[in-house]
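Q: Next comes model.pdb, PDB, C-alpha atoms:
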```
ATOM      1  CA  MET D   1     -10.346 242.665 139.133
ATOM      2  CA  LYS D   2     -10.231 242.646 135.348
ATOM      3  CA  ILE D   3      -9.380 245.615 133.148
ATOM      4  CA  LYS D   4     -11.648 246.825 130.347
ATOM      5  CA  LEU D   5     -10.153 246.702 126.835
ATOM      6  CA  GLU D   6     -11.373 248.361 123.666
ATOM      7  CA  LEU D   7      -9.903 247.178 120.367
ATOM      8  CA  GLU D   8     -10.658 248.395 116.837
ATOM      9  CA  PHE D   9     -10.335 246.379 113.652
ATOM     10  CA  SER D  10     -10.918 247.460 110.072
ATOM     11  CA  ILE D  11     -13.070 244.859 108.315
ATOM     12  CA  ASN D  12     -13.575 244.695 104.563
ATOM     13  CA  SER D  13     -17.237 243.647 104.655
ATOM     14  CA  SER D  14     -20.719 245.064 104.620
ATOM     15  CA  PRO D  15     -22.159 245.755 108.080
ATOM     16  CA  GLN D  16     -25.049 243.386 107.289
ATOM     17  CA  LEU D  17     -22.793 240.409 106.505
ATOM     18  CA  LEU D  18     -20.468 241.157 109.420
ATOM     19  CA  TYR D  19     -23.432 241.297 111.804
ATOM     20  CA  GLN D  20     -24.422 237.736 110.875
ATOM     21  CA  TYR D  21     -20.973 236.526 111.956
ATOM     22  CA  ILE D  22     -21.002 238.348 115.310
ATOM     23  CA  SER D  23     -24.596 237.680 116.367
ATOM     24  CA  ASP D  24     -25.558 234.226 115.083
ATOM     25  CA  PRO D  25     -24.375 231.001 116.807
ATOM     26  CA  SER D  26     -23.389 229.379 113.507
ATOM     27  CA  GLY D  27     -21.516 232.518 112.428
ATOM     28  CA  LEU D  28     -19.708 232.749 115.775
ATOM     29  CA  SER D  29     -18.772 229.048 115.507
ATOM     30  CA  GLU D  30     -16.865 229.784 112.310
ATOM     31  CA  TRP D  31     -14.359 232.152 113.915
ATOM     32  CA  PHE D  32     -14.947 232.938 117.590
ATOM     33  CA  ALA D  33     -15.309 229.571 119.326
ATOM     34  CA  ASP D  34     -15.125 225.905 118.345
ATOM     35  CA  ASN D  35     -18.863 225.610 118.899
ATOM     36  CA  VAL D  36     -21.614 228.044 119.913
ATOM     37  CA  ASN D  37     -25.073 226.969 121.010
ATOM     38  CA  SER D  38     -27.984 229.127 122.058
ATOM     39  CA  ARG D  39     -31.209 228.589 123.929
ATOM     40  CA  GLY D  40     -33.132 231.825 123.657
ATOM     41  CA  GLU D  41     -30.980 234.544 125.161
ATOM     42  CA  PHE D  42     -28.464 232.093 126.683
ATOM     43  CA  PHE D  43     -25.303 231.094 124.793
ATOM     44  CA  ASP D  44     -22.676 228.402 125.393
ATOM     45  CA  PHE D  45     -19.247 229.149 123.904
ATOM     46  CA  GLN D  46     -17.051 226.060 123.670
ATOM     47  CA  TRP D  47     -13.295 225.868 123.095
ATOM     48  CA  ASP D  48     -12.068 222.248 123.141
ATOM     49  CA  ASP D  49     -13.486 220.908 126.447
ATOM     50  CA  TYR D  50     -13.885 224.352 128.021
ATOM     51  CA  VAL D  51     -17.343 226.001 128.023
ATOM     52  CA  GLU D  52     -18.205 229.578 128.978
ATOM     53  CA  LYS D  53     -21.815 230.642 129.430
ATOM     54  CA  ALA D  54     -23.189 234.055 128.542
ATOM     55  CA  LYS D  55     -26.486 235.861 128.250
ATOM     56  CA  LEU D  56     -27.375 238.070 125.303
ATOM     57  CA  ALA D  57     -27.458 241.460 127.023
ATOM     58  CA  GLY D  58     -28.359 243.542 123.988
ATOM     59  CA  LYS D  59     -28.290 243.759 120.250
ATOM     60  CA  LYS D  60     -29.145 246.156 117.468
ATOM     61  CA  THR D  61     -29.433 244.699 113.985
ATOM     62  CA  ASP D  62     -26.403 245.429 111.773
ATOM     63  CA  GLU D  63     -24.821 247.516 114.566
ATOM     64  CA  LYS D  64     -23.890 245.669 117.757
ATOM     65  CA  VAL D  65     -24.213 242.645 119.997
ATOM     66  CA  LYS D  66     -23.377 242.395 123.697
ATOM     67  CA  PHE D  67     -22.940 239.232 125.771
ATOM     68  CA  LYS D  68     -22.757 239.211 129.578
ATOM     69  CA  TRP D  69     -20.668 236.397 131.055
ATOM     70  CA  LEU D  70     -22.348 234.129 133.613
ATOM     71  CA  ASP D  71     -20.743 232.391 136.580
ATOM     72  CA  GLU D  72     -20.932 228.635 137.296
ATOM     73  CA  ASP D  73     -24.397 229.095 138.819
ATOM     74  CA  GLY D  74     -25.743 230.964 135.798
ATOM     75  CA  VAL D  75     -25.671 234.339 137.562
ATOM     76  CA  ASP D  76     -24.595 237.523 135.742
ATOM     77  CA  THR D  77     -21.018 238.642 136.373
ATOM     78  CA  ASP D  78     -19.679 242.187 136.050
ATOM     79  CA  TYR D  79     -17.958 241.224 132.805
ATOM     80  CA  PHE D  80     -19.182 241.290 129.221
ATOM     81  CA  PHE D  81     -17.950 241.502 125.700
ATOM     82  CA  GLU D  82     -19.467 243.697 123.040
ATOM     83  CA  MET D  83     -18.884 243.849 119.304
ATOM     84  CA  LYS D  84     -19.950 247.093 117.668
ATOM     85  CA  ILE D  85     -19.964 247.814 113.930
ATOM     86  CA  VAL D  86     -19.210 251.389 112.927
ATOM     87  CA  SER D  87     -19.531 252.380 109.296
ATOM     88  CA  ASP D  88     -18.071 255.627 107.978
ATOM     89  CA  GLU D  89     -20.649 257.118 105.626
ATOM     90  CA  LEU D  90     -18.055 259.088 103.670
ATOM     91  CA  THR D  91     -15.313 256.492 103.192
ATOM     92  CA  LYS D  92     -17.529 253.379 103.579
ATOM     93  CA  ASP D  93     -14.897 251.929 105.937
ATOM     94  CA  VAL D  94     -16.287 249.342 108.363
ATOM     95  CA  ILE D  95     -14.742 249.163 111.827
ATOM     96  CA  LEU D  96     -15.442 246.433 114.380
ATOM     97  CA  ILE D  97     -14.975 247.722 117.929
ATOM     98  CA  ILE D  98     -14.473 245.021 120.561
ATOM     99  CA  THR D  99     -15.024 245.768 124.241
ATOM    100  CA  ASP D 100     -13.825 243.014 126.565
ATOM    101  CA  PHE D 101     -12.162 242.460 129.935
ATOM    102  CA  ALA D 102      -8.849 240.805 130.796
ATOM    103  CA  ASP D 103      -6.733 240.066 133.841
ATOM    104  CA  PRO D 104      -4.111 242.792 134.374
ATOM    105  CA  ASP D 105      -1.244 240.294 133.956
ATOM    106  CA  ASP D 106      -2.654 238.965 130.660
ATOM    107  CA  LEU D 107      -3.541 242.125 128.712
ATOM    108  CA  GLU D 108      -1.034 241.444 125.937
ATOM    109  CA  GLY D 109      -2.065 237.786 125.594
ATOM    110  CA  HIS D 110      -5.727 238.734 125.516
ATOM    111  CA  GLU D 111      -5.118 241.312 122.796
ATOM    112  CA  GLN D 112      -3.149 238.731 120.763
ATOM    113  CA  LEU D 113      -6.056 236.300 121.125
ATOM    114  CA  TRP D 114      -8.466 238.880 119.708
ATOM    115  CA  ASN D 115      -6.034 239.626 116.864
ATOM    116  CA  ARG D 116      -5.998 235.908 115.940
ATOM    117  CA  GLN D 117      -9.766 235.628 116.187
ATOM    118  CA  ILE D 118     -10.339 238.701 114.028
ATOM    119  CA  SER D 119      -7.834 237.312 111.526
ATOM    120  CA  ASP D 120      -9.971 234.144 111.399
ATOM    121  CA  LEU D 121     -13.108 236.277 110.981
ATOM    122  CA  LYS D 122     -11.548 238.144 108.049
ATOM    123  CA  LYS D 123     -10.686 234.816 106.365
ATOM    124  CA  VAL D 124     -14.244 233.580 106.790
ATOM    125  CA  LEU D 125     -15.543 236.840 105.332
ATOM    126  CA  GLY D 126     -13.075 236.638 102.442
ATOM    127  CA  SER D 127     -11.545 239.968 103.441
ATOM    128  CA  ALA D 128      -8.157 238.740 104.686
TER     129      ALA D 128
END
```
If you took the structure in this file and wrote it as structure tokens, what would it be?

A:
Amino acid sequence: MKIKLELEFSINSSPQLLYQYISDPSGLSEWFADNVNSRGEFFDFQWDDYVEKAKLAGKKTDEKVKFKWLDEDGVDTDYFFEMKIVSDELTKDVILIITDFADPDDLEGHEQLWNRQISDLKKVLGSA
């Protein structure tokens, strides 16, 4: 049984630009995975020789995207990851909230992985 994580990252970017990098296969390929391909609502995320399959479970332009992980047979699992953009109207701060799941014995490693990936995202956005 995996544990749900919620991580917040301050991103120096407009919500519109950030959304392109969290929702589009070419944008995701620049920071999230080595390669991302999509066929309609189905996405393949590739790291080296390892491929994970997911289905686009929801999106709202310039606000959020949610992917549901699929098992080897292409069936929905209970696990997903969501990236939500929150913009503070007063301060104009942009926060990226990540919801994901990790094995209980790998929570710290999973959080470090997200920290590295978000660091890569900030470099791509020019906000590092």

Q: Once you add 3 Å to each side, what are the centre and edge lengths of the axis-aligned box holding all listed atoms of stretch 31-38 of chain D? One decimal in Å, as lines of an AutoDock Vina configuration file, if you can.

A:
```
center_x = -21.2
center_y = 229.3
center_z = 118.0
size_x = 19.6
size_y = 13.3
size_z = 14.1
```

Q: At a cut-off of 12 Å from (-30.3, 242.9, 123.1) in the coordinates of the file, what residues are picked up using all atoms listed in the file, written as a ChimeraX atom specification?

A: /D:23,40-42,55-61,63-68,82

Q: Could you tell me which residues the PyMOL selection byres ((chain D and resi 106-118) around 8) returns for this structure, as a list in words?

A: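 Applied to this file, the PyMOL selection byres ((chain D and resi 106-118) around 8) selects Leu7, Phe9, Trp31, Phe32, Ala102, Asp103, Pro104, Asp105, Ser119, Asp120, Leu121 and Lys122 of chain D.
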
Q: Under the rule that all atoms listed in the file are counted, which of D:Ile85, D:Ile98, D:Ala33, D:Leu90 is the nearest residue to D:Ser13?

A: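 Nearest candidate to D:Ser13 out of D:Ile85, D:Ile98, D:Ala33, D:Leu90: D:Ile85.
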
Q: Is it possible to get the residues within 10 Å of (-18.6, 237.0, 109.6) (coordinates as in the file, counting only C-alpha atoms) written as a count of residues only?

A: 29

Q: Which value, in Å to one decimal, gives the distance between atom CA of D:Gln46 and atom CA of D:Asp73?

A: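 Result for atom CA of D:Gln46 versus atom CA of D:Asp73: 17.1 Å, one decimal.
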
Q: Atom CA of D:Asp34 and atom CA of D:Lys53, how far apart in Å?

A: 13.8 Å

Q: Using atom CA of D:Phe101 and atom CA of D:Val36 as the two end points, give the distance in Å to one decimal.

A: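 These atoms are spaced 19.9 Å apart.
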
Q: Ranking D:Ala54, D:Val94, D:Val86, D:Phe45 by minimum distance to D:Gly74 and counting all atoms listed in the file, which one comes first?

A: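 For D:Gly74, the nearest of the given residues is D:Ala54.
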
Q: Ranking D:Lys92, D:Asn12, D:Glu52, D:Pro25 by minimum distance to D:Phe80 and counting all atoms listed in the file, which one comes first?

A: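 For D:Phe80, the nearest of the given residues is D:Glu52.
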
Q: Name the closest residue to D:Asp71 among the candidates D:Arg39, D:Asp88, D:Met83, D:Val51; distances are taken between atoms, counting only C-alpha atoms.

A: D:Val51

Q: Would you mind writing stretch 2-13 of chain D with all heavy atoms, as a compact mmCIF listing (two decimals), keeping the file's coordinate frame?

A:
```
# COMPACT_ATOMS: atom_id res chain seq x y z
N LYS D 2 -10.66 242.60 136.74
CA LYS D 2 -10.23 242.65 135.35
C LYS D 2 -10.25 244.08 134.83
O LYS D 2 -10.93 244.94 135.37
CB LYS D 2 -11.14 241.77 134.50
CG LYS D 2 -11.01 240.29 134.83
CD LYS D 2 -11.81 239.45 133.88
CE LYS D 2 -11.62 237.97 134.22
NZ LYS D 2 -12.21 237.11 133.20
N ILE D 3 -9.50 244.30 133.77
CA ILE D 3 -9.38 245.62 133.15
C ILE D 3 -10.15 245.61 131.83
O ILE D 3 -10.07 244.66 131.05
CB ILE D 3 -7.90 245.96 132.90
CG1 ILE D 3 -7.18 246.09 134.25
CG2 ILE D 3 -7.76 247.23 132.09
CD1 ILE D 3 -5.69 246.31 134.12
N LYS D 4 -10.86 246.69 131.57
CA LYS D 4 -11.65 246.82 130.35
C LYS D 4 -10.73 247.18 129.18
O LYS D 4 -9.88 248.05 129.29
CB LYS D 4 -12.70 247.92 130.54
CG LYS D 4 -13.68 248.07 129.42
CD LYS D 4 -14.72 249.11 129.79
CE LYS D 4 -15.74 249.31 128.72
NZ LYS D 4 -16.75 250.31 129.12
N LEU D 5 -10.92 246.46 128.06
CA LEU D 5 -10.15 246.70 126.84
C LEU D 5 -11.10 247.15 125.73
O LEU D 5 -12.24 246.69 125.67
CB LEU D 5 -9.52 245.40 126.34
CG LEU D 5 -8.45 244.72 127.13
CD1 LEU D 5 -8.15 243.37 126.51
CD2 LEU D 5 -7.21 245.56 127.12
N GLU D 6 -10.61 248.01 124.86
CA GLU D 6 -11.37 248.36 123.67
C GLU D 6 -10.42 248.28 122.48
O GLU D 6 -9.39 248.94 122.47
CB GLU D 6 -11.99 249.76 123.79
CG GLU D 6 -12.98 250.03 122.67
CD GLU D 6 -13.81 251.28 122.91
OE1 GLU D 6 -14.76 251.22 123.71
OE2 GLU D 6 -13.49 252.30 122.29
N LEU D 7 -10.75 247.42 121.53
CA LEU D 7 -9.90 247.18 120.37
C LEU D 7 -10.68 247.50 119.10
O LEU D 7 -11.89 247.23 119.03
CB LEU D 7 -9.46 245.71 120.33
CG LEU D 7 -8.78 245.19 121.60
CD1 LEU D 7 -8.67 243.68 121.56
CD2 LEU D 7 -7.41 245.82 121.76
N GLU D 8 -10.01 248.05 118.11
CA GLU D 8 -10.66 248.40 116.84
C GLU D 8 -9.99 247.65 115.70
O GLU D 8 -8.76 247.58 115.63
CB GLU D 8 -10.58 249.90 116.57
CG GLU D 8 -11.38 250.72 117.52
CD GLU D 8 -11.41 252.20 117.14
OE1 GLU D 8 -11.03 252.55 115.99
OE2 GLU D 8 -11.82 253.01 117.98
N PHE D 9 -10.83 247.12 114.81
CA PHE D 9 -10.34 246.38 113.65
C PHE D 9 -11.07 246.85 112.41
O PHE D 9 -12.30 246.92 112.40
CB PHE D 9 -10.58 244.87 113.83
CG PHE D 9 -9.90 244.29 115.04
CD1 PHE D 9 -10.58 244.19 116.25
CD2 PHE D 9 -8.58 243.86 114.97
CE1 PHE D 9 -9.96 243.66 117.37
CE2 PHE D 9 -7.96 243.33 116.10
CZ PHE D 9 -8.64 243.23 117.29
N SER D 10 -10.32 247.13 111.36
CA SER D 10 -10.92 247.46 110.07
C SER D 10 -11.31 246.16 109.38
O SER D 10 -10.50 245.23 109.28
CB SER D 10 -9.91 248.24 109.23
OG SER D 10 -10.49 248.57 107.99
N ILE D 11 -12.56 246.08 108.94
CA ILE D 11 -13.07 244.86 108.32
C ILE D 11 -13.59 245.20 106.92
O ILE D 11 -14.40 246.11 106.77
CB ILE D 11 -14.23 244.25 109.14
CG1 ILE D 11 -13.84 244.05 110.60
CG2 ILE D 11 -14.73 242.96 108.50
CD1 ILE D 11 -12.93 242.90 110.89
N ASN D 12 -13.13 244.47 105.93
CA ASN D 12 -13.58 244.70 104.56
C ASN D 12 -14.83 243.85 104.32
O ASN D 12 -14.76 242.74 103.80
CB ASN D 12 -12.46 244.33 103.58
CG ASN D 12 -12.82 244.68 102.15
OD1 ASN D 12 -13.77 245.42 101.90
ND2 ASN D 12 -12.05 244.14 101.22
N SER D 13 -15.98 244.38 104.75
CA SER D 13 -17.24 243.65 104.66
C SER D 13 -18.38 244.64 104.79
O SER D 13 -18.20 245.74 105.33
CB SER D 13 -17.32 242.61 105.78
OG SER D 13 -18.60 242.04 105.85
```
